[in-house]
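Shown below: data.tsv, with TSV, C-alpha atoms and all ligand atoms.
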```tsv
chain	number	residue	atom	x	y	z
A	1	MET	CA	158.74	139.92	163.66
A	2	GLN	CA	158.49	139.01	167.36
A	3	LEU	CA	156.28	136.13	168.60
A	4	PRO	CA	155.32	135.82	172.30
A	5	LYS	CA	158.09	133.88	174.05
A	6	ILE	CA	157.24	130.47	175.44
A	7	HIS	CA	159.99	127.96	175.99
A	8	SER	CA	160.30	125.71	172.96
A	9	ILE	CA	160.07	122.56	175.16
A	10	THR	CA	156.80	123.84	176.71
A	11	LYS	CA	155.41	124.44	173.24
A	12	LYS	CA	156.43	120.96	172.11
A	13	MET	CA	154.81	119.40	175.19
A	14	LEU	CA	151.61	121.35	174.56
A	15	VAL	CA	151.56	120.19	170.94
A	16	ALA	CA	152.11	116.63	172.16
A	17	LEU	CA	149.31	116.74	174.78
A	18	VAL	CA	146.89	118.20	172.27
A	19	GLY	CA	148.05	115.66	169.65
A	20	GLY	CA	147.55	112.81	172.14
A	21	PHE	CA	143.95	113.91	172.68
A	22	LEU	CA	143.40	113.93	168.90
A	23	LEU	CA	144.90	110.42	168.60
A	24	LEU	CA	142.33	109.16	171.11
A	25	PHE	CA	139.48	110.97	169.31
A	26	LEU	CA	140.46	109.37	165.98
A	27	LEU	CA	140.36	105.90	167.52
A	28	PHE	CA	136.92	106.61	168.94
A	29	HIS	CA	135.60	108.18	165.71
A	30	MET	CA	136.93	105.35	163.54
A	31	THR	CA	135.41	102.66	165.78
A	32	ALA	CA	132.00	104.37	165.79
A	33	ASN	CA	132.11	104.76	161.98
A	34	LEU	CA	132.33	100.99	161.60
A	35	PHE	CA	128.66	100.85	162.71
A	36	ILE	CA	127.85	102.37	159.29
A	37	LEU	CA	128.85	99.02	157.81
A	38	ARG	CA	126.16	97.11	159.72
A	39	HIS	CA	123.15	96.29	157.57
A	40	ASP	CA	120.69	97.15	160.33
A	41	ASP	CA	119.03	100.14	158.65
A	42	GLY	CA	121.15	102.41	160.81
A	43	ALA	CA	119.83	101.12	164.14
A	44	TRP	CA	123.26	101.12	165.85
A	45	TYR	CA	124.81	104.13	164.10
A	46	SER	CA	121.70	106.27	164.48
A	47	ALA	CA	121.44	105.33	168.17
A	48	PHE	CA	125.10	106.30	168.56
A	49	CYS	CA	124.64	109.66	166.74
A	50	HIS	CA	121.49	110.31	168.75
A	51	PHE	CA	123.47	109.78	171.96
A	52	MET	CA	126.28	112.01	170.62
A	53	GLY	CA	123.81	114.74	169.72
A	54	THR	CA	121.82	114.75	172.96
A	55	ASN	CA	124.20	113.91	175.82
A	56	TRP	CA	125.53	117.12	177.41
A	57	VAL	CA	128.87	115.54	178.41
A	58	VAL	CA	129.42	114.68	174.73
A	59	LYS	CA	128.39	118.18	173.69
A	60	LEU	CA	130.99	119.59	176.08
A	61	PHE	CA	133.55	117.13	174.70
A	62	GLU	CA	132.76	118.36	171.19
A	63	VAL	CA	133.51	121.96	172.15
A	64	VAL	CA	136.77	120.85	173.77
A	65	LEU	CA	137.61	118.77	170.67
A	66	LEU	CA	137.09	121.65	168.26
A	67	GLY	CA	139.10	123.94	170.55
A	68	VAL	CA	141.87	121.36	170.75
A	69	LEU	CA	141.86	120.93	166.96
A	70	ALA	CA	142.19	124.69	166.46
A	71	LEU	CA	144.92	124.81	169.14
A	72	HIS	CA	146.79	121.95	167.42
A	73	ILE	CA	146.81	123.85	164.11
A	74	LEU	CA	147.80	127.17	165.72
A	75	LEU	CA	150.54	125.64	167.88
A	76	THR	CA	152.12	123.70	165.03
A	77	LEU	CA	152.04	126.77	162.79
A	78	TRP	CA	153.57	128.81	165.60
A	79	LEU	CA	156.29	126.20	166.19
A	80	ALA	CA	157.11	126.13	162.48
A	81	LEU	CA	157.13	129.93	162.29
A	82	THR	CA	159.39	130.38	165.35
A	83	ASN	CA	161.79	127.79	163.93
A	84	ARG	CA	161.89	129.68	160.63
A	85	LEU	CA	162.30	133.08	162.35
A	86	ALA	CA	165.15	131.68	164.44
A	87	ARG	CA	167.07	131.36	161.15
A	88	PRO	CA	166.03	134.31	158.98
A	89	VAL	CA	168.99	133.78	156.61
A	90	ARG	CA	168.68	130.51	154.64
A	91	TYR	CA	171.72	128.26	154.37
A	92	LYS	CA	173.53	128.84	151.09
A	93	GLN	CA	173.94	125.12	150.66
A	94	ARG	CA	170.45	123.53	151.19
A	95	GLN	CA	170.74	120.42	153.34
A	96	ARG	CA	168.32	117.54	152.82
A	97	SER	CA	168.26	116.29	156.42
A	98	GLU	CA	165.76	113.64	157.57
A	99	THR	CA	164.21	116.04	160.10
A	100	HIS	CA	163.76	118.68	157.43
A	101	THR	CA	161.94	116.25	155.12
A	102	THR	CA	159.71	114.85	157.89
A	103	SER	CA	158.65	118.25	159.20
A	104	LYS	CA	157.97	119.49	155.66
A	105	LEU	CA	155.91	116.36	155.08
A	106	MET	CA	154.02	117.00	158.36
A	107	MET	CA	153.18	120.51	157.17
A	108	TRP	CA	151.89	119.34	153.76
A	109	THR	CA	149.95	116.34	155.09
A	110	GLY	CA	148.56	118.66	157.80
A	111	ILE	CA	147.34	121.11	155.13
A	112	LEU	CA	145.73	118.23	153.20
A	113	ILE	CA	143.98	116.99	156.35
A	114	PHE	CA	142.81	120.54	157.09
A	115	ALA	CA	141.35	120.82	153.56
A	116	PHE	CA	139.68	117.44	154.08
A	117	LEU	CA	138.21	118.64	157.40
A	118	VAL	CA	136.69	121.73	155.74
A	119	MET	CA	134.94	119.45	153.21
A	120	HIS	CA	134.05	116.90	155.93
A	121	PHE	CA	132.51	119.55	158.19
A	122	CYS	CA	130.41	120.88	155.27
A	123	GLN	CA	129.12	117.34	154.71
A	124	PHE	CA	128.39	116.44	158.34
A	125	TYR	CA	129.18	118.73	161.25
A	126	PHE	CA	127.73	121.91	159.70
A	127	VAL	CA	124.54	119.96	158.96
A	128	LYS	CA	124.35	119.10	162.64
A	129	ILE	CA	124.64	122.73	163.73
A	130	GLY	CA	122.24	123.87	160.98
A	131	TRP	CA	124.63	125.80	158.70
A	132	VAL	CA	124.21	123.37	155.78
A	133	LYS	CA	121.11	121.45	154.63
A	134	GLY	CA	121.04	117.65	154.86
A	135	GLU	CA	118.63	114.75	155.36
A	136	TYR	CA	116.97	114.37	158.71
A	137	MET	CA	115.23	111.84	160.90
A	138	VAL	CA	112.99	111.96	163.94
A	139	GLU	CA	111.71	109.43	166.48
A	140	VAL	CA	108.12	108.39	165.61
A	141	GLU	CA	107.23	108.35	169.29
A	142	LYS	CA	108.12	112.05	169.69
A	143	LEU	CA	105.51	113.03	167.07
A	144	GLN	CA	102.61	110.99	168.40
A	145	THR	CA	100.58	113.48	170.41
A	146	ASP	CA	96.87	112.72	171.05
A	147	GLU	CA	95.82	115.12	168.28
A	148	VAL	CA	98.23	113.65	165.74
A	149	ASN	CA	97.07	110.10	166.58
A	150	THR	CA	93.41	111.13	166.25
A	151	VAL	CA	93.88	112.83	162.87
A	152	GLN	CA	95.99	109.95	161.55
A	153	GLN	CA	93.65	107.20	162.76
A	154	PHE	CA	90.37	108.74	161.58
A	155	SER	CA	91.70	110.04	158.26
A	156	MET	CA	93.02	106.55	157.51
A	157	GLN	CA	89.72	104.95	158.49
A	158	GLN	CA	87.88	107.30	156.15
A	159	GLY	CA	90.41	106.96	153.34
A	160	MET	CA	91.14	110.71	153.33
A	161	SER	CA	94.28	112.77	153.69
A	162	PRO	CA	94.68	114.42	157.15
A	163	GLU	CA	94.10	117.81	155.50
A	164	ASP	CA	90.82	116.67	153.86
A	165	PHE	CA	89.68	114.94	157.05
A	166	VAL	CA	90.03	118.09	159.19
A	167	SER	CA	88.48	120.24	156.40
A	168	SER	CA	85.46	117.89	156.37
A	169	LEU	CA	85.09	118.28	160.17
A	170	GLU	CA	85.25	122.06	159.78
A	171	GLY	CA	82.59	121.86	157.04
A	172	GLN	CA	80.27	119.72	159.21
A	173	LEU	CA	80.70	122.06	162.16
A	174	ALA	CA	79.80	125.07	160.00
A	175	MET	CA	76.67	123.23	158.81
A	176	TYR	CA	75.41	122.46	162.32
A	177	ALA	CA	76.69	125.64	163.99
A	178	ASP	CA	73.29	127.30	164.50
A	179	GLN	CA	71.74	124.10	165.89
A	180	MET	CA	74.31	123.82	168.70
A	181	PRO	CA	74.46	125.45	172.14
A	182	ALA	CA	77.10	128.23	172.03
A	183	GLU	CA	79.27	126.55	174.66
A	184	GLU	CA	79.37	123.24	172.81
A	185	TYR	CA	80.12	125.05	169.56
A	186	GLU	CA	83.03	126.95	171.13
A	187	SER	CA	84.51	123.76	172.51
A	188	MET	CA	84.14	122.01	169.12
A	189	VAL	CA	85.85	124.96	167.40
A	190	GLN	CA	88.73	124.66	169.84
A	191	ASN	CA	89.01	120.86	169.39
A	192	ILE	CA	89.00	121.13	165.60
A	193	ALA	CA	91.57	123.96	165.74
A	194	ASN	CA	93.82	121.62	167.76
A	195	LEU	CA	93.34	118.90	165.13
A	196	ARG	CA	94.14	121.43	162.36
A	197	GLY	CA	97.42	122.22	164.17
A	198	ALA	CA	98.26	118.50	164.07
A	199	VAL	CA	97.64	118.18	160.30
A	200	PRO	CA	101.22	118.86	159.07
A	201	VAL	CA	102.73	116.28	161.45
A	202	ALA	CA	99.97	113.70	160.81
A	203	GLY	CA	100.44	114.30	157.07
A	204	LEU	CA	104.18	113.80	157.43
A	205	LEU	CA	103.64	110.50	159.31
A	206	SER	CA	101.05	109.20	156.81
A	207	ASP	CA	103.37	110.15	153.96
A	208	ALA	CA	106.29	108.35	155.61
A	209	VAL	CA	104.21	105.17	156.02
A	210	ALA	CA	103.00	105.35	152.39
A	211	LYS	CA	106.50	105.95	150.98
A	212	GLY	CA	108.18	103.35	153.25
A	213	HIS	CA	110.25	106.00	155.02
A	214	LEU	CA	109.98	104.40	158.45
A	215	SER	CA	113.13	102.61	159.64
A	216	GLU	CA	112.96	98.80	159.78
A	217	ASN	CA	112.37	98.87	163.55
A	218	ARG	CA	109.67	101.53	162.92
A	219	LYS	CA	111.39	103.73	165.50
A	220	TRP	CA	112.43	106.54	163.12
A	221	VAL	CA	110.94	108.55	160.28
A	222	ARG	CA	113.77	109.01	157.75
A	223	HIS	CA	114.41	111.02	154.55
A	224	LEU	CA	113.05	114.29	155.89
A	225	ASP	CA	114.20	117.37	154.00
A	226	TYR	CA	115.22	120.76	155.40
A	227	ASP	CA	111.71	122.27	155.08
A	228	GLN	CA	110.17	119.34	156.97
A	229	ARG	CA	112.84	119.75	159.65
A	230	GLN	CA	111.93	123.44	159.98
A	231	MET	CA	108.22	122.60	160.16
A	232	LEU	CA	108.85	120.01	162.91
A	233	LYS	CA	111.06	122.41	164.86
A	234	LYS	CA	108.21	124.94	164.76
A	235	THR	CA	105.24	122.63	165.48
A	236	VAL	CA	106.88	120.11	167.86
A	237	PRO	CA	109.87	122.06	169.25
A	238	ASP	CA	111.13	119.26	171.50
A	239	CYS	CA	110.82	116.40	168.97
A	240	GLY	CA	114.62	116.25	168.57
A	241	VAL	CA	114.70	116.09	164.75
A	242	GLU	CA	118.31	115.36	163.81
A	243	PRO	CA	120.55	114.68	160.77
A	244	ASP	CA	120.38	111.15	159.36
A	245	PHE	CA	124.13	110.55	159.35
A	246	TYR	CA	123.79	106.82	158.61
A	247	TYR	CA	121.89	107.47	155.39
A	248	MET	CA	123.99	110.55	154.50
A	249	SER	CA	127.28	108.63	154.90
A	250	ARG	CA	126.06	105.70	152.80
A	251	GLN	CA	124.77	108.10	150.13
A	252	LEU	CA	128.06	110.00	150.09
A	253	PHE	CA	130.09	106.87	149.41
A	254	HIS	CA	128.03	105.87	146.40
A	255	ASN	CA	129.87	108.74	144.71
A	256	ALA	CA	133.26	107.58	143.29
A	257	LEU	CA	134.80	111.08	143.48
A	258	MET	CA	133.99	111.32	147.19
A	259	VAL	CA	135.46	107.86	147.83
A	260	ILE	CA	138.68	108.95	146.07
A	261	LEU	CA	138.87	112.26	147.99
A	262	TYR	CA	138.35	110.47	151.29
A	263	LEU	CA	141.00	107.87	150.43
A	264	ILE	CA	143.51	110.62	149.52
A	265	ALA	CA	142.82	112.20	152.91
A	266	PHE	CA	143.39	108.85	154.63
A	267	VAL	CA	146.77	108.47	152.91
A	268	ALA	CA	147.70	111.95	154.21
A	269	LEU	CA	146.41	110.93	157.65
A	270	PHE	CA	148.52	107.74	157.51
A	271	MET	CA	151.67	109.75	156.78
A	272	HIS	CA	150.81	112.37	159.42
A	273	LEU	CA	150.16	109.74	162.10
A	274	THR	CA	153.30	107.74	161.25
A	275	HIS	CA	155.32	110.67	162.54
A	276	ALA	CA	152.82	112.00	165.10
A	277	PHE	CA	152.45	108.88	167.26
A	278	PRO	CA	156.10	108.40	168.33
A	279	SER	CA	156.56	112.16	168.45
A	280	VAL	CA	153.84	112.52	171.13
A	281	PHE	CA	155.77	110.11	173.38
A	282	GLN	CA	159.11	111.74	172.59
A	283	SER	CA	157.90	115.26	173.35
A	284	LEU	CA	156.38	114.15	176.64
A	285	GLY	CA	159.67	112.48	177.56
A	286	LEU	CA	157.95	109.09	177.80
A	287	ASN	CA	160.38	107.34	175.51
A	288	ASN	CA	163.67	105.74	176.43
A	289	TYR	CA	165.82	103.11	174.82
A	290	LYS	CA	163.97	100.35	176.74
A	291	TYR	CA	160.54	101.22	175.34
A	292	ASN	CA	161.38	102.77	171.97
A	293	ASN	CA	160.82	99.55	170.04
A	294	PHE	CA	157.54	98.95	171.83
A	295	ILE	CA	156.33	102.52	171.11
A	296	GLU	CA	157.33	102.15	167.48
A	297	ILE	CA	155.37	98.89	167.12
A	298	CYS	CA	152.31	100.40	168.88
A	299	GLY	CA	152.56	103.42	166.56
A	300	LYS	CA	152.60	101.19	163.48
A	301	ILE	CA	149.64	99.13	164.71
A	302	TYR	CA	147.69	102.28	165.65
A	303	THR	CA	148.35	103.99	162.32
A	304	TRP	CA	147.38	100.94	160.23
A	305	VAL	CA	144.26	100.22	162.32
A	306	ILE	CA	143.08	103.84	162.08
A	307	THR	CA	143.76	104.15	158.34
A	308	LEU	CA	142.28	100.78	157.37
A	309	GLY	CA	139.32	101.28	159.75
A	310	PHE	CA	138.46	104.65	158.18
A	311	ALA	CA	139.11	103.43	154.62
A	312	ALA	CA	136.89	100.36	155.10
A	313	VAL	CA	133.74	102.49	155.24
A	314	PRO	CA	133.90	104.28	151.84
A	315	ILE	CA	135.38	101.25	150.06
A	316	LEU	CA	132.90	98.67	151.37
A	317	VAL	CA	129.89	100.97	150.99
A	318	TYR	CA	130.95	101.80	147.41
A	319	ILE	CA	131.27	98.16	146.37
A	320	GLY	CA	127.91	97.46	148.01
A	321	LEU	CA	129.00	95.31	150.96
A	401	LIG	C1	134.90	107.16	156.66
A	401	LIG	C2	135.32	108.27	157.18
A	401	LIG	C3	134.49	109.20	158.02
A	401	LIG	C4	133.12	109.28	158.21
A	401	LIG	C5	132.04	108.42	157.59
A	401	LIG	C6	132.88	110.34	159.17
A	401	LIG	C7	131.64	110.72	159.60
A	401	LIG	C8	131.40	111.77	160.47
A	401	LIG	C9	130.10	112.17	160.93
A	401	LIG	C10	128.79	111.50	160.53
A	401	LIG	C11	130.26	113.23	161.76
A	401	LIG	C12	129.17	113.98	162.55
A	401	LIG	C13	128.89	113.15	163.78
A	401	LIG	C14	128.24	113.88	164.90
A	401	LIG	O1	128.58	115.03	165.12
A	401	LIG	O2	127.40	113.27	165.60
A	401	LIG	C15	131.67	113.51	161.84
A	401	LIG	C16	132.22	114.51	162.61
A	401	LIG	C17	133.59	114.75	162.69
A	401	LIG	N1	134.59	114.08	162.02
A	401	LIG	FE1	134.33	112.50	160.77
A	401	LIG	N2	134.09	110.89	159.54
A	401	LIG	C18	135.10	110.24	158.86
A	401	LIG	C19	136.45	110.49	158.93
A	401	LIG	C20	137.03	111.49	159.69
A	401	LIG	C21	138.44	111.76	159.77
A	401	LIG	C22	139.53	110.98	159.02
A	401	LIG	C23	138.60	112.81	160.62
A	401	LIG	C24	139.87	113.50	161.08
A	401	LIG	C25	140.96	113.58	160.38
A	401	LIG	C26	137.30	113.20	161.08
A	401	LIG	C27	137.05	114.24	161.95
A	401	LIG	C28	135.80	114.62	162.39
A	401	LIG	C29	135.57	115.70	163.33
A	401	LIG	C30	136.67	116.56	163.99
A	401	LIG	C31	134.19	115.79	163.51
A	401	LIG	C32	133.43	116.83	164.38
A	401	LIG	C33	133.35	116.38	165.78
A	401	LIG	C34	132.19	115.43	166.02
A	401	LIG	O3	131.08	115.76	165.63
A	401	LIG	O4	132.44	114.38	166.63
A	401	LIG	N3	136.35	112.38	160.50
A	401	LIG	N4	132.35	112.62	161.05
```

I'd like the structure from this file rewritten - as structure tokens, please.
Amino acid sequence: MQLPKIHSITKKMLVALVGGFLLLFLLFHMTANLFILRHDDGAWYSAFCHFMGTNWVVKLFEVVLLGVLALHILLTLWLALTNRLARPVRYKQRQRSETHTTSKLMMWTGILIFAFLVMHFCQFYFVKIGWVKGEYMVEVEKLQTDEVNTVQQFSMQQGMSPEDFVSSLEGQLAMYADQMPAEEYESMVQNIANLRGAVPVAGLLSDAVAKGHLSENRKWVRHLDYDQRQMLKKTVPDCGVEPDFYYMSRQLFHNALMVILYLIAFVALFMHLTHAFPSVFQSLGLNNYKYNNFIEICGKIYTWVITLGFAAVPILVYIGL
């Protein structure tokens, strides 16, 4: 089998550049995740996710990130395959060299991390792009049109549901229809039709208040399900309803199995990064005997900080801190 020929050094440098980008992303992702640990009803983490979901520079970054992730996997597989094809006949006497063990370990920890990412994407990223159902939230302000406010205010005053309130208006209009000038009647029909259109959203808001589903700062309506998200997308297309990642993460880590699976992935990540960090510098030719010790220490600090930072979230949420 023939693979396209690119100089092995070029391939290694590409892998290193792409790997360096992923190292920076992990630091960023881990730091942001620590907001989940704040007991602020998600104010910081939700604000962060909202920014991540709406800023176009971030959206572009996300596309680049996913491309880079795919490139990282393809390049490393390619590198491994070309190395194997370069020696089609196995040594008779198998040698247990350090390089052999490390690169085998990189392949296995890489596969584990990939499996983790498939699960992780199903739990979060695919919810964001709408492939998987989750829990959603929306800014209260975005729902408060004049019609919604009117229905909510008057139905509350009269102790009725929004649905019953608008039905009672429709009933009264029907009763007085033949006593009204045609023009006034038409305009009333139109006004009540507008109020009827606002019933689902007003109902959703009243329900959220009654069930205590507003965030502590009363900025967000939380705990919306997929059907409510669809209804909002249809009735208020630019309301920006989005996944409630703060709540979803905290929910996820109340499940012991999930905590264990995440911790296994973090051990694999620890082992992967232990080799990856110095190897990025080596492949880019940025190491020499003067700085090797320094790079090694930075690598150790980075790897521990990333692993402990990620692990803190499931562990502390699970034990209720
Ligand atoms: C406690 C651990 C973790 C939590 C709570 C967590 C949470 C999340 C959440 C909520 C998202 C969606 C955010 C958004 O798109 O706005 C996300 C996306 C993502 N996560 Fe994680 N994550 C964790 C660990 C990891 C690890 C260890 C990796 C890599 C090995 C990783 C890689 C990614 C990637 C590539 C994305 C998609 C890109 C993005 O949306 O930013 N995550 N994660």

Kindly give the distance, in Å, that separates CA of Ala80 in chain A and CA of Ile113 in chain A, rounded to a single decimal.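 CA of Ile113 in chain A lies 17.1 Å from CA of Ala80 in chain A.
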
Rank A:Lys233, A:Arg218, A:Lys133, A:Lys128 by their smallest atom-to-atom distance to ligand LIG 401 (chain A), using all atoms listed in the file, and report the top residue only.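 Between A:Lys233, A:Arg218, A:Lys133, A:Lys128, the residue approaching ligand LIG 401 (chain A) most closely is A:Lys128.
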
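One distance worth recording is that between CA of Phe28 in chain A and CA of Ile73 in chain A, which is 20.5 Å.
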
How big is the axis-aligned box, and where does its centre sit, when it encloses all atoms of ligand LIG 401 (chain A) listed in the file and has 6 Å added on every side, reported in Å to one decimal as lines of an AutoDock Vina configuration file?
```
center_x = 134.2
center_y = 112.0
center_z = 161.6
size_x = 25.6
size_y = 21.7
size_z = 22.0
```

Nearest residue to Leu232 in chain A from the set A:Ala276, A:Ile260, A:Glu62, A:Val199 (distances using all atoms listed in the file): A:Val199

Counting only C-alpha atoms and all ligand atoms, what residues are within 8 Å of ligand LIG 401 (chain A), given as JSON, numbers by chain? {"A": [26, 29, 30, 33, 36, 48, 49, 50, 52, 53, 62, 65, 66, 69, 113, 114, 116, 117, 120, 121, 124, 125, 128, 245, 246, 248, 249, 262, 265, 266, 269, 309, 310, 311, 312, 313, 314]}

Can you pull out every residue within 12 Å of Asn191 in chain A, counting only C-alpha atoms, but drop anything in the same chain fewer than 6 positions away, and send it as an mmCIF file with C-alpha atoms, in the coordinates of the input?
```
data_model
loop_
_atom_site.group_PDB
_atom_site.id
_atom_site.type_symbol
_atom_site.label_atom_id
_atom_site.label_comp_id
_atom_site.auth_asym_id
_atom_site.auth_seq_id
_atom_site.Cartn_x
_atom_site.Cartn_y
_atom_site.Cartn_z
ATOM 1 C CA ASP A 146 96.870 112.720 171.050
ATOM 2 C CA GLU A 147 95.820 115.120 168.280
ATOM 3 C CA THR A 150 93.410 111.130 166.250
ATOM 4 C CA VAL A 151 93.880 112.830 162.870
ATOM 5 C CA VAL A 166 90.030 118.090 159.190
ATOM 6 C CA LEU A 169 85.090 118.280 160.170
ATOM 7 C CA GLU A 170 85.250 122.060 159.780
ATOM 8 C CA LEU A 173 80.700 122.060 162.160
ATOM 9 C CA GLU A 184 79.370 123.240 172.810
ATOM 10 C CA TYR A 185 80.120 125.050 169.560
ATOM 11 C CA GLY A 197 97.420 122.220 164.170
ATOM 12 C CA ALA A 198 98.260 118.500 164.070
#
```

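If you measure from each of A:Val221, A:Ala208, A:Cys122, A:Leu112 to Ile264 in chain A using only C-alpha atoms, the closest one turns out to be A:Leu112.
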
Generate the coordinates of N, CA, C and O atoms for range 152-166 of chain A; report them as an mmCIF file, keeping the file's coordinate frame.
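Okay, part-v5.cif is ready:
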```cif
data_model
loop_
_atom_site.group_PDB
_atom_site.id
_atom_site.type_symbol
_atom_site.label_atom_id
_atom_site.label_comp_id
_atom_site.auth_asym_id
_atom_site.auth_seq_id
_atom_site.Cartn_x
_atom_site.Cartn_y
_atom_site.Cartn_z
ATOM 1 N N GLN A 152 95.449 111.032 162.378
ATOM 2 C CA GLN A 152 95.990 109.950 161.550
ATOM 3 C C GLN A 152 95.018 108.774 161.479
ATOM 4 O O GLN A 152 94.706 108.261 160.407
ATOM 5 N N GLN A 153 94.519 108.381 162.675
ATOM 6 C CA GLN A 153 93.650 107.200 162.760
ATOM 7 C C GLN A 153 92.351 107.401 161.965
ATOM 8 O O GLN A 153 91.993 106.601 161.121
ATOM 9 N N PHE A 154 91.679 108.538 162.214
ATOM 10 C CA PHE A 154 90.370 108.740 161.580
ATOM 11 C C PHE A 154 90.499 109.040 160.081
ATOM 12 O O PHE A 154 89.655 108.632 159.301
ATOM 13 N N SER A 155 91.561 109.768 159.703
ATOM 14 C CA SER A 155 91.700 110.040 158.260
ATOM 15 C C SER A 155 91.983 108.748 157.518
ATOM 16 O O SER A 155 91.469 108.533 156.414
ATOM 17 N N MET A 156 92.743 107.838 158.154
ATOM 18 C CA MET A 156 93.020 106.550 157.510
ATOM 19 C C MET A 156 91.748 105.737 157.371
ATOM 20 O O MET A 156 91.456 105.148 156.331
ATOM 21 N N GLN A 157 90.988 105.722 158.500
ATOM 22 C CA GLN A 157 89.720 104.950 158.490
ATOM 23 C C GLN A 157 88.801 105.436 157.378
ATOM 24 O O GLN A 157 88.109 104.664 156.733
ATOM 25 N N GLN A 158 88.795 106.742 157.148
ATOM 26 C CA GLN A 158 87.880 107.300 156.150
ATOM 27 C C GLN A 158 88.506 107.424 154.759
ATOM 28 O O GLN A 158 87.892 107.978 153.849
ATOM 29 N N GLY A 159 89.715 106.932 154.631
ATOM 30 C CA GLY A 159 90.410 106.960 153.340
ATOM 31 C C GLY A 159 90.636 108.364 152.820
ATOM 32 O O GLY A 159 90.598 108.613 151.613
ATOM 33 N N MET A 160 90.895 109.304 153.745
ATOM 34 C CA MET A 160 91.140 110.710 153.330
ATOM 35 C C MET A 160 92.548 111.110 153.753
ATOM 36 O O MET A 160 93.156 110.465 154.609
ATOM 37 N N SER A 161 93.003 112.220 153.191
ATOM 38 C CA SER A 161 94.280 112.770 153.690
ATOM 39 C C SER A 161 93.952 113.502 154.993
ATOM 40 O O SER A 161 92.798 113.933 155.181
ATOM 41 N N PRO A 162 94.948 113.687 155.901
ATOM 42 C CA PRO A 162 94.680 114.420 157.150
ATOM 43 C C PRO A 162 94.083 115.799 156.879
ATOM 44 O O PRO A 162 93.170 116.235 157.569
ATOM 45 N N GLU A 163 94.582 116.473 155.848
ATOM 46 C CA GLU A 163 94.100 117.810 155.500
ATOM 47 C C GLU A 163 92.601 117.750 155.160
ATOM 48 O O GLU A 163 91.787 118.511 155.704
ATOM 49 N N ASP A 164 92.231 116.777 154.274
ATOM 50 C CA ASP A 164 90.820 116.670 153.860
ATOM 51 C C ASP A 164 89.944 116.265 155.033
ATOM 52 O O ASP A 164 88.802 116.728 155.156
ATOM 53 N N PHE A 165 90.474 115.391 155.895
ATOM 54 C CA PHE A 165 89.680 114.940 157.050
ATOM 55 C C PHE A 165 89.307 116.125 157.959
ATOM 56 O O PHE A 165 88.139 116.323 158.306
ATOM 57 N N VAL A 166 90.314 116.954 158.294
ATOM 58 C CA VAL A 166 90.030 118.090 159.190
ATOM 59 C C VAL A 166 89.139 119.118 158.465
ATOM 60 O O VAL A 166 88.224 119.680 159.077
#
```
